[in-house]
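Q: Hey, dropping my_file_19.txt in here, compact mmCIF, C-alpha atoms:
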```txt
# COMPACT_ATOMS: atom_id res chain seq x y z
CA MET A 1 53.61 -13.71 45.70
CA LEU A 2 55.37 -12.43 48.83
CA ASN A 3 52.26 -10.49 49.86
CA ARG A 4 50.13 -13.60 49.50
CA PHE A 5 52.58 -15.61 51.59
CA LEU A 6 52.60 -13.00 54.38
CA LEU A 7 48.80 -12.86 54.34
CA LEU A 8 48.61 -16.66 54.63
CA VAL A 9 51.05 -16.66 57.58
CA PHE A 10 49.04 -13.90 59.30
CA LEU A 11 45.79 -15.80 58.83
CA CYS A 12 47.28 -19.02 60.21
CA PHE A 13 48.69 -17.16 63.22
CA SER A 14 45.30 -15.51 63.86
CA CYS A 15 43.50 -18.85 63.61
CA HIS A 16 46.00 -20.32 66.05
CA LEU A 17 45.36 -17.51 68.57
CA ILE A 18 41.59 -17.89 68.20
CA ALA A 19 41.87 -21.64 68.66
CA GLN A 20 43.92 -21.07 71.82
CA GLU A 21 41.31 -18.65 73.16
CA GLU A 22 38.44 -21.02 72.38
CA SER A 23 40.25 -24.05 73.80
CA ILE A 24 39.36 -22.94 77.34
CA GLU A 25 35.92 -24.41 77.74
CA GLN A 26 33.40 -23.19 80.24
CA VAL A 27 32.90 -25.32 83.33
CA LYS A 28 30.22 -27.96 82.71
CA ILE A 29 27.84 -28.36 85.66
CA PHE A 30 25.09 -30.82 86.52
CA LEU A 31 22.61 -29.31 88.99
CA ASP A 32 21.02 -32.07 91.07
CA CYS A 33 18.34 -30.19 93.03
CA ASP A 34 14.64 -31.01 93.37
CA ARG A 35 13.74 -27.69 95.04
CA CYS A 36 15.65 -25.32 92.75
CA ASP A 37 14.09 -23.10 90.08
CA ASP A 38 16.00 -24.67 87.22
CA GLU A 39 14.70 -22.25 84.58
CA PHE A 40 15.66 -19.15 86.58
CA LEU A 41 19.16 -20.49 87.29
CA ARG A 42 19.78 -21.31 83.63
CA GLN A 43 18.74 -17.79 82.65
CA ASN A 44 20.86 -16.03 85.28
CA LEU A 45 23.98 -18.16 85.82
CA GLY A 46 26.57 -17.54 83.12
CA ASN A 47 30.17 -18.66 82.60
CA VAL A 48 29.02 -22.32 82.83
CA GLN A 49 27.48 -24.96 80.60
CA PHE A 50 24.53 -26.88 82.04
CA VAL A 51 24.60 -30.56 81.03
CA ARG A 52 21.87 -33.18 81.25
CA ASP A 53 23.78 -35.94 83.03
CA GLN A 54 26.22 -36.02 85.96
CA ASP A 55 28.73 -38.18 84.04
CA LEU A 56 29.05 -35.41 81.44
CA SER A 57 29.84 -32.71 83.99
CA ASP A 58 32.98 -31.17 85.45
CA VAL A 59 31.08 -30.32 88.64
CA HIS A 60 28.17 -32.26 90.12
CA ILE A 61 26.22 -29.88 92.38
CA PHE A 62 24.20 -32.09 94.72
CA VAL A 63 21.64 -30.25 96.85
CA VAL A 64 19.61 -31.75 99.71
CA THR A 65 17.10 -29.90 101.88
CA GLN A 66 15.36 -30.30 105.20
CA ARG A 67 12.57 -28.30 106.76
CA ASN A 68 13.85 -25.92 109.43
CA GLY A 69 12.27 -24.35 112.49
CA ALA A 70 11.57 -21.05 110.70
CA GLY A 71 9.16 -22.77 108.31
CA GLY A 72 11.66 -22.66 105.46
CA GLN A 73 14.34 -25.03 104.25
CA SER A 74 17.96 -25.69 105.22
CA TYR A 75 20.04 -26.27 102.10
CA GLU A 76 23.22 -28.36 101.95
CA MET A 77 24.97 -27.78 98.63
CA ASP A 78 27.80 -30.22 97.75
CA PHE A 79 30.20 -29.23 94.96
CA ILE A 80 31.72 -32.49 93.69
CA GLY A 81 34.59 -32.00 91.27
CA LYS A 82 35.22 -34.45 88.42
CA ASN A 83 37.89 -35.03 85.81
CA GLU A 84 40.56 -32.31 86.28
CA PHE A 85 38.65 -30.97 89.32
CA GLU A 86 38.53 -34.28 91.18
CA ALA A 87 40.54 -32.87 94.09
CA ILE A 88 38.02 -30.04 94.66
CA ASN A 89 35.14 -31.15 96.90
CA TYR A 90 33.39 -29.04 99.51
CA LYS A 91 29.95 -27.94 100.67
CA LEU A 92 28.04 -24.76 101.45
CA ASN A 93 25.04 -24.38 103.75
CA PHE A 94 22.33 -21.75 103.83
CA SER A 95 18.73 -21.44 105.04
CA THR A 96 15.46 -19.83 104.01
CA ASP A 97 12.50 -18.84 106.16
CA THR A 98 8.72 -18.67 105.82
CA ASN A 99 8.75 -14.91 105.07
CA MET A 100 10.81 -15.35 101.91
CA THR A 101 9.06 -15.37 98.56
CA ASN A 102 9.94 -17.86 95.82
CA ASP A 103 11.95 -15.09 94.16
CA ASP A 104 13.94 -14.49 97.37
CA VAL A 105 14.69 -18.21 97.64
CA ARG A 106 15.88 -18.63 94.06
CA LYS A 107 18.06 -15.51 94.27
CA ARG A 108 19.73 -16.80 97.43
CA THR A 109 20.27 -20.18 95.73
CA LEU A 110 21.87 -18.39 92.76
CA GLU A 111 24.25 -16.43 94.99
CA TYR A 112 25.47 -19.57 96.75
CA LEU A 113 25.90 -21.34 93.40
CA LYS A 114 28.10 -18.48 92.22
CA LEU A 115 30.07 -18.54 95.45
CA GLY A 116 30.62 -22.29 95.24
CA LEU A 117 31.77 -22.18 91.60
CA VAL A 118 34.52 -19.58 92.13
CA ARG A 119 37.20 -22.21 92.89
CA PHE A 120 36.33 -24.12 89.71
CA TRP A 121 36.42 -20.97 87.59
CA ILE A 122 39.85 -20.15 89.01
CA ALA A 123 41.10 -23.68 88.30
CA ARG A 124 39.75 -23.58 84.73
CA GLY A 125 41.03 -20.04 84.11
CA THR A 126 37.68 -18.51 83.16
CA THR A 127 37.64 -15.62 85.63
CA ALA A 128 37.77 -12.73 83.17
CA GLU A 129 34.20 -11.67 83.92
CA VAL A 130 33.94 -12.94 87.49
CA PHE A 131 33.75 -10.30 90.22
CA VAL A 132 33.61 -10.71 94.00
CA ASN A 133 32.10 -7.99 96.22
CA VAL A 134 32.91 -7.85 99.93
CA PRO A 135 32.38 -4.95 102.36
CA THR A 136 35.32 -2.73 103.17
CA PRO A 137 36.35 -2.59 106.87
CA GLU A 138 34.89 0.90 107.35
CA ASN A 139 31.55 -0.13 105.80
CA GLU A 140 31.29 -3.48 107.49
CA GLU A 141 28.56 -3.43 110.10
CA GLU A 142 29.42 -4.67 113.55
CA LYS A 143 27.88 -8.08 114.08
CA VAL A 144 25.31 -7.98 116.83
CA GLU A 145 23.45 -11.08 117.89
CA GLU A 146 19.77 -10.36 117.30
CA LYS A 147 17.20 -11.44 119.83
CA ASP A 148 14.28 -13.30 118.31
CA PRO A 149 11.09 -11.48 119.44
CA TRP A 150 9.03 -14.60 118.65
CA ASP A 151 11.34 -16.91 120.64
CA TYR A 152 11.45 -19.47 117.75
CA TRP A 153 7.63 -19.75 117.50
CA LEU A 154 6.08 -20.09 114.04
CA PHE A 155 2.32 -19.79 113.42
CA ARG A 156 0.29 -20.63 110.32
CA VAL A 157 -3.36 -20.30 109.33
CA GLY A 158 -4.72 -21.80 106.12
CA ALA A 159 -7.90 -22.57 104.23
CA ASN A 160 -8.74 -24.10 100.87
CA GLY A 161 -11.73 -25.42 99.00
CA PHE A 162 -12.96 -26.59 95.64
CA PHE A 163 -16.40 -26.78 94.07
CA ASN A 164 -17.49 -28.54 90.90
CA GLY A 165 -20.67 -29.86 89.40
CA GLN A 166 -22.92 -30.58 86.48
CA GLU A 167 -26.67 -30.68 85.89
CA GLN A 168 -27.38 -33.72 88.08
CA SER A 169 -24.50 -33.72 90.55
CA SER A 170 -22.25 -31.37 92.50
CA ARG A 171 -19.37 -31.73 94.90
CA SER A 172 -17.60 -29.45 97.36
CA ASN A 173 -14.63 -29.77 99.67
CA ILE A 174 -13.50 -27.22 102.27
CA ASN A 175 -10.62 -27.34 104.73
CA PHE A 176 -9.42 -25.03 107.51
CA ASN A 177 -6.23 -25.48 109.50
CA VAL A 178 -4.11 -23.69 112.06
CA SER A 179 -0.71 -24.68 113.44
CA ALA A 180 1.95 -23.52 115.87
CA ARG A 181 5.45 -24.92 116.21
CA ARG A 182 8.64 -24.13 118.07
CA VAL A 183 11.87 -25.85 117.04
CA THR A 184 15.22 -25.63 118.82
CA GLU A 185 18.16 -28.02 119.10
CA LYS A 186 16.78 -29.38 122.38
CA ASN A 187 13.02 -29.32 121.82
CA LYS A 188 10.44 -29.62 119.03
CA PHE A 189 6.83 -28.71 119.88
CA ARG A 190 3.95 -28.79 117.42
CA PHE A 191 0.23 -28.00 117.58
CA PHE A 192 -2.06 -28.64 114.59
CA ALA A 193 -5.84 -28.29 114.23
CA ARG A 194 -7.90 -29.09 111.14
CA TYR A 195 -11.52 -29.08 110.02
CA GLY A 196 -12.61 -30.63 106.73
CA GLU A 197 -15.92 -31.30 105.01
CA ASN A 198 -16.81 -33.17 101.82
CA LYS A 199 -20.30 -32.80 100.39
CA SER A 200 -21.67 -34.62 97.33
CA THR A 201 -25.16 -34.15 95.87
CA PHE A 202 -26.74 -36.38 93.21
CA THR A 203 -30.16 -35.93 91.60
CA PHE A 204 -32.03 -39.13 90.69
CA ASP A 205 -35.70 -39.26 89.60
CA GLY A 206 -36.18 -35.71 90.81
CA GLU A 207 -34.82 -36.56 94.27
CA ASP A 208 -31.57 -35.28 95.79
CA ILE A 209 -29.20 -37.76 97.40
CA VAL A 210 -26.80 -35.87 99.69
CA ALA A 211 -23.65 -37.33 101.24
CA ILE A 212 -21.69 -35.33 103.81
CA ASN A 213 -18.49 -36.38 105.52
CA ASN A 214 -16.71 -34.13 107.98
CA SER A 215 -13.80 -34.49 110.33
CA LYS A 216 -12.17 -32.44 113.08
CA ARG A 217 -8.77 -33.15 114.53
CA ILE A 218 -6.22 -31.64 116.92
CA ASN A 219 -2.68 -33.04 117.20
CA VAL A 220 -0.13 -32.02 119.84
CA SER A 221 3.43 -33.35 120.13
CA ASP A 222 6.44 -32.44 122.25
CA ILE A 223 9.84 -34.01 121.49
CA ILE A 224 12.95 -33.66 123.65
CA SER A 225 16.54 -34.28 122.45
CA ILE A 226 18.56 -36.53 124.79
CA ASN A 227 21.82 -36.74 122.80
CA ASP A 228 23.06 -37.24 119.22
CA HIS A 229 21.22 -40.57 118.90
CA TRP A 230 18.33 -40.64 121.41
CA SER A 231 15.07 -38.67 121.70
CA TYR A 232 11.83 -39.05 123.59
CA GLY A 233 8.45 -37.42 123.20
CA ILE A 234 4.75 -37.49 123.86
CA PHE A 235 2.00 -37.48 121.22
CA GLY A 236 -1.66 -36.64 121.75
CA SER A 237 -4.69 -36.22 119.51
CA VAL A 238 -8.46 -35.63 119.77
CA GLY A 239 -11.11 -35.46 117.07
CA THR A 240 -14.17 -36.76 115.24
CA SER A 241 -14.79 -38.40 111.84
CA THR A 242 -18.12 -39.40 110.30
CA PHE A 243 -16.33 -41.51 107.66
CA SER A 244 -14.42 -43.50 110.30
CA ASN A 245 -17.45 -43.78 112.64
CA PHE A 246 -15.88 -41.67 115.42
CA ASP A 247 -18.21 -39.42 117.39
CA LEU A 248 -15.13 -38.70 119.52
CA PHE A 249 -11.64 -40.14 119.90
CA TRP A 250 -8.54 -39.19 121.82
CA THR A 251 -5.07 -40.71 122.22
CA LEU A 252 -2.06 -40.14 124.44
CA ARG A 253 1.16 -42.00 123.61
CA PRO A 254 4.70 -41.48 125.00
CA ALA A 255 7.51 -42.53 122.64
CA LEU A 256 11.25 -43.23 122.47
CA GLU A 257 13.43 -43.04 119.35
CA TYR A 258 16.97 -44.19 118.52
CA SER A 259 18.88 -42.94 115.46
CA PHE A 260 21.59 -45.28 114.12
CA PHE A 261 23.34 -42.28 112.54
CA ASP A 262 24.06 -38.94 114.17
CA TYR A 263 21.01 -36.67 113.80
CA LYS A 264 23.22 -33.99 112.21
CA ASP A 265 23.68 -36.30 109.16
CA SER A 266 19.93 -36.60 108.55
CA ALA A 267 20.00 -34.58 105.31
CA LYS A 268 22.07 -37.31 103.63
CA LYS A 269 21.17 -40.46 105.57
CA GLN A 270 18.82 -41.45 108.35
CA LEU A 271 17.84 -44.73 109.97
CA THR A 272 15.69 -44.67 113.11
CA ILE A 273 13.65 -47.05 115.23
CA SER A 274 10.94 -45.82 117.58
CA TYR A 275 8.49 -47.31 120.09
CA ARG A 276 5.18 -45.81 121.25
CA ASN A 277 2.83 -47.05 123.94
CA GLY A 278 -0.31 -45.35 125.24
CA ILE A 279 -4.06 -45.14 125.71
CA ARG A 280 -6.86 -44.54 123.23
CA TYR A 281 -10.53 -43.76 123.81
CA ASN A 282 -13.16 -44.23 121.08
CA GLU A 283 -16.80 -43.19 121.15
CA TYR A 284 -18.60 -44.45 118.06
CA ILE A 285 -21.45 -42.97 116.01
CA GLU A 286 -22.87 -46.43 115.32
CA ARG A 287 -22.37 -49.67 117.25
CA THR A 288 -19.33 -51.47 115.84
CA VAL A 289 -18.91 -55.02 114.51
CA PHE A 290 -17.52 -55.83 117.98
CA ASN A 291 -20.79 -54.59 119.52
CA GLU A 292 -19.11 -51.58 121.15
CA THR A 293 -20.44 -48.03 121.48
CA ASP A 294 -17.37 -46.73 123.33
CA GLU A 295 -14.17 -48.23 124.71
CA TYR A 296 -10.72 -47.60 126.20
CA LEU A 297 -7.80 -49.34 124.50
CA TRP A 298 -4.07 -49.75 125.15
CA GLU A 299 -2.07 -49.55 121.95
CA HIS A 300 1.62 -49.84 121.17
CA GLY A 301 3.67 -49.65 118.01
CA VAL A 302 7.19 -50.03 116.57
CA GLN A 303 8.44 -48.15 113.52
CA LEU A 304 11.67 -48.62 111.58
CA GLY A 305 12.35 -46.02 108.92
CA GLY A 306 15.29 -44.92 106.79
CA ARG A 307 16.22 -42.50 104.05
CA ILE A 308 19.31 -42.05 101.86
CA ASN A 309 20.00 -39.09 99.54
CA GLN A 310 23.13 -39.54 97.42
CA GLU A 311 24.43 -38.49 94.00
CA TRP A 312 23.14 -41.74 92.44
CA GLY A 313 19.57 -41.19 93.67
CA ASN A 314 17.51 -41.63 96.80
CA VAL A 315 15.85 -44.43 98.73
CA ASN A 316 13.37 -44.22 101.58
CA GLY A 317 11.50 -47.00 103.33
CA GLU A 318 9.49 -47.77 106.43
CA VAL A 319 8.11 -50.73 108.33
CA SER A 320 5.59 -50.13 111.11
CA PHE A 321 3.65 -52.43 113.42
CA ASN A 322 0.73 -51.37 115.65
CA GLN A 323 -1.22 -53.60 118.04
CA PHE A 324 -3.94 -53.42 120.69
CA LEU A 325 -2.71 -55.00 123.91
CA GLN A 326 -6.17 -56.18 125.10
CA ASP A 327 -6.35 -58.48 122.08
CA THR A 328 -3.04 -59.12 120.33
CA LYS A 329 -4.87 -60.48 117.27
CA LEU A 330 -5.89 -56.89 116.51
CA TYR A 331 -2.91 -55.36 114.69
CA SER A 332 -1.74 -53.66 111.52
CA LEU A 333 1.53 -54.11 109.64
CA ASN A 334 2.66 -51.61 107.01
CA PHE A 335 5.52 -51.74 104.48
CA PHE A 336 6.59 -48.79 102.32
CA LEU A 337 9.44 -48.39 99.84
CA GLY A 338 10.23 -45.57 97.46
CA THR A 339 13.32 -45.04 95.34
CA SER A 340 14.66 -43.10 92.40
CA VAL A 341 17.94 -44.57 91.17
CA ARG A 342 20.21 -43.53 88.33
CA LEU A 343 21.24 -46.88 86.82
CA PHE A 344 23.45 -45.55 84.02
CA LYS A 345 24.01 -42.41 81.96
CA GLY A 346 20.68 -40.76 81.21
CA PHE A 347 18.56 -43.61 82.65
CA ASN A 348 16.62 -43.27 85.90
CA PHE A 349 14.35 -45.89 87.51
CA ASN A 350 11.57 -44.93 89.92
CA VAL A 351 9.46 -47.21 92.08
CA SER A 352 7.31 -46.68 95.15
CA GLY A 353 4.63 -48.67 96.88
CA SER A 354 3.11 -49.75 100.13
CA TYR A 355 1.24 -52.75 101.47
CA THR A 356 -0.73 -52.77 104.71
CA ILE A 357 -2.21 -55.75 106.53
CA THR A 358 -5.18 -54.45 108.53
CA ARG A 359 -6.46 -56.61 111.38
CA ASN A 360 -7.35 -53.75 113.74
CA GLN A 361 -10.44 -52.11 112.20
CA ILE A 362 -12.39 -51.97 115.46
CA ASN A 363 -14.30 -48.86 114.36
CA ILE A 364 -16.26 -50.44 111.46
CA PRO A 365 -20.04 -50.05 112.02
CA GLY A 366 -22.10 -53.20 112.47
CA GLY A 367 -24.96 -54.03 110.11
CA ASP A 368 -25.21 -53.84 106.34
CA LEU A 369 -24.40 -50.81 104.21
CA THR A 370 -27.04 -49.33 101.93
CA VAL A 371 -26.28 -49.03 98.21
CA GLU A 372 -26.10 -45.24 98.60
CA GLU A 373 -23.58 -45.48 101.45
CA LEU A 374 -21.45 -47.91 99.46
CA LEU A 375 -21.43 -45.91 96.21
CA LEU A 376 -21.00 -42.53 97.89
CA GLN A 377 -18.26 -43.88 100.19
CA GLN A 378 -19.90 -42.45 103.28
CA GLN A 379 -18.34 -45.05 105.58
CA GLN A 380 -15.06 -46.89 105.87
CA LEU A 381 -15.30 -50.48 104.60
CA GLN A 382 -13.92 -53.64 106.20
CA SER A 383 -10.73 -54.71 104.43
CA GLY A 384 -7.94 -57.11 105.32
CA TYR A 385 -5.33 -55.21 103.31
CA ASN A 386 -4.67 -52.22 101.09
CA TYR A 387 -1.85 -51.37 98.72
CA PHE A 388 -0.54 -49.04 96.05
CA VAL A 389 2.31 -49.43 93.54
CA SER A 390 3.93 -46.92 91.20
CA LEU A 391 6.61 -47.80 88.63
CA GLY A 392 8.37 -45.68 86.05
CA PHE A 393 11.59 -44.81 84.29
CA SER A 394 13.07 -41.97 82.30
CA TYR A 395 15.83 -41.95 79.72
CA SER A 396 17.34 -38.88 78.09
CA PHE A 397 19.81 -38.65 75.22
CA GLY A 398 20.94 -36.09 72.68
CA SER A 399 22.78 -32.80 73.08
CA ILE A 400 24.59 -32.37 76.39
CA TYR A 401 24.88 -28.58 75.94
CA ASN A 402 21.67 -26.61 76.14
CA THR A 403 21.37 -23.61 78.43
CA ILE A 404 18.62 -22.04 76.32
CA VAL A 405 15.35 -21.31 78.10
CA ASN A 406 12.25 -20.68 75.97
CA PRO A 407 9.14 -20.08 78.14
CA ARG A 408 6.67 -19.45 75.30
CA PHE A 409 3.20 -21.00 75.74
CA ASP A 410 4.10 -22.43 79.14
CA PHE A 411 0.72 -21.38 80.57
```
Using structure tokens, write down the structure from this file.
A:
Amino acid sequence: MLNRFLLLVFLCFSCHLIAQEESIEQVKIFLDCDRCDDEFLRQNLGNVQFVRDQDLSDVHIFVVTQRNGAGGQSYEMDFIGKNEFEAINYKLNFSTDTNMTNDDVRKRTLEYLKLGLVRFWIARGTTAEVFVNVPTPENEEEKVEEKDPWDYWLFRVGANGFFNGQEQSSRSNINFNVSARRVTEKNKFRFFARYGENKSTFTFDGEDIVAINNSKRINVSDIISINDHWSYGIFGSVGTSTFSNFDLFWTLRPALEYSFFDYKDSAKKQLTISYRNGIRYNEYIERTVFNETDEYLWEHGVQLGGRINQEWGNVNGEVSFNQFLQDTKLYSLNFFLGTSVRLFKGFNFNVSGSYTITRNQINIPGGDLTVEELLLQQQQLQSGYNYFVSLGFSYSFGSIYNTIVNPRFDF
């Protein structure tokens, strides 16, 4: 009897110790990042529990990105503590460049996630298997400011195409582009050139109907920073387009922009208004509905745009107005709104759309379209407006703990 009693006491004491050990839960995190490789991070980040909703987490990791001058992304990673960690809030910043592969980017993201979670692991008391490596003084390399041999210039060359068809029709699309950009705190210069061609062939009664649209375009812009809220720049373009009835066009438009928020806060919030005013020259392939074969035009425009990225979601919108000064009845007015909002736990609402009033289609060819031109969309059509709308929602429920990744049959 005594032996049984001692065994029972021992078992109860052991269960108590095990319960104490298991009572320290792993830190629950919600990773809020559109550009992160979620599967890789789940497979390689231990000592945490990934949860499906921010309200179920101990730490909401909110990541926003912006394109940087090196052709990569600048990451701003906010670690927002909740519940017992409510007093712990801070951010880390890091950048990628155009020479980094996707694997390099996701590994750097993982390292900064680990670094940012150390304070939460310490607060929770789950540091038994956490190690920090830093160089010893004798092995630490002396920091030397490296001179950029490219002087902040970034160049890109690209090409793509697709080809499809069946017995009585075929279609091809090819594009070539080249760009150069130089971005510093004071100046942002960009050059972009593109050539594209669409070709469609249809066979009807033994006869081939061929439709070809091609376009060439060069854009150049140079933007100068004045201070934390003001910028000015100049924008130029030249090109051709068979679809838009341009044998040649060129534009030159100076511009001024004001930012209601400091430019340094643009990753989280941005609201700007800009004004452009300049000259345009059009030489048309066919005489237009205004009986013009070529013309010089003065054009101006105002644009108001804003963007917000927060833990509850994001909103971005824009209103723009463009007008020809020779005839103020020739104008266009565009509205755009896009948002993804988390309304309550597990439920997200998404909506985006635009509506454009077009009263400035001076390039439309005169005369009637043939049936072939209409069906093959060889020319731009007269239209007083255009729009698009997209609506959707998502709702998730069920287990909040699931760090398992199973990639089978994902191809």
Q: Which residue, A:Tyr275, A:Phe261, A:Tyr284, A:Phe120, has the smallest gap to Ser244 in chain A when you use only C-alpha atoms?
A: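 Checking each of A:Tyr275, A:Phe261, A:Tyr284, A:Phe120 against Ser244 in chain A, counting only C-alpha atoms, the winner is A:Tyr284.
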Q: Give me, as number ranges by chain, all polymer residues having an atom no more than 6 Å from range 384-392 of chain A, counting only C-alpha atoms and skipping those fewer than 5 positions away in the same chain.
A: A: 350-358
Q: Could you pull the residues within 7 Å of Cys33 in chain A, counting all atoms listed in the file, minus those fewer than 2 positions along the same chain, as a list in words?
A: Leu31, Arg35, Cys36, Phe62, Val63 and Val64 of chain A
Q: Filtering to C-alpha atoms, could you give me those residues as a PDB file, in the coordinates of the input?
A:
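And here's result_34.pdb as it stands now:
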```
ATOM      1  CA  LEU A  31      22.610 -29.310  88.990  1.00  0.00           C
ATOM      2  CA  ARG A  35      13.740 -27.690  95.040  1.00  0.00           C
ATOM      3  CA  CYS A  36      15.650 -25.320  92.750  1.00  0.00           C
ATOM      4  CA  PHE A  62      24.200 -32.090  94.720  1.00  0.00           C
ATOM      5  CA  VAL A  63      21.640 -30.250  96.850  1.00  0.00           C
ATOM      6  CA  VAL A  64      19.610 -31.750  99.710  1.00  0.00           C
TER       7      VAL A  64
END
```
Q: Leaving out Lys199 in chain A and any residue of its chain fewer than 3 positions from it, which residues lie within 7 Å of it when counting all atoms listed in the file, given as an MDAnalysis selection string?
A: chainID A and resid 171:173 211:213
Q: Could those residues be written to a file, using C-alpha atoms, as a compact mmCIF listing (two decimals), in the frame of the given file?
A:
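Okay, this is what ended up in part-v1.txt:
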```
# COMPACT_ATOMS: atom_id res chain seq x y z
CA ARG A 171 -19.37 -31.73 94.90
CA SER A 172 -17.60 -29.45 97.36
CA ASN A 173 -14.63 -29.77 99.67
CA ALA A 211 -23.65 -37.33 101.24
CA ILE A 212 -21.69 -35.33 103.81
CA ASN A 213 -18.49 -36.38 105.52
```
Q: In Å to one decimal, how far is CA of Tyr263 in chain A from CA of Pro149 in chain A?
A: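 These atoms are spaced 27.7 Å apart.
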Q: Quick one: of A:Glu283, A:Asp103, A:Glu311, A:Asp327, who's nearest to Asn363 in chain A, counting all atoms listed in the file?
A: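 Checking each of A:Glu283, A:Asp103, A:Glu311, A:Asp327 against Asn363 in chain A, counting all atoms listed in the file, the winner is A:Glu283.
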Q: Name all residues at most 12 Å from Asp265 in chain A (count only C-alpha atoms; drop same-chain ones fewer than 5 positions away) and give them as a count of residues only.
A: 13
Q: Hey, can you check how far CA of Leu343 in chain A sits from CA of Ile88 in chain A?
A: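 Pair CA of Leu343 in chain A / CA of Ile88 in chain A returns 25.0 Å.
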Q: Can you work out which one of A:Asp222, A:Asp262, A:Asp58, A:Asp294 has the shortest atom-to-atom distance to Glu25 in chain A, counting all atoms listed in the file?
A: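 Of the candidates, the smallest distance to Glu25 in chain A is held by A:Asp58.
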Q: Taking (-8.8, -42.3, 123.0) in the file's coordinates, which residues come within 7 Å, counting only C-alpha atoms, written as a ChimeraX atom specification?
A: /A:249-251,279-282,296
Q: Of the residues A:Leu325, A:Ala70, A:Leu297, A:Val48, which is the one nearest to Glu129 in chain A, using only C-alpha atoms?
A: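 Using only C-alpha atoms, the shortest distance to Glu129 in chain A belongs to A:Val48.
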Q: Quick one: pull the distance between CA of Ser179 in chain A and CA of Phe336 in chain A, Å, one decimal.
A: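 Taking CA of Ser179 in chain A and CA of Phe336 in chain A, their separation equals 27.5 Å.
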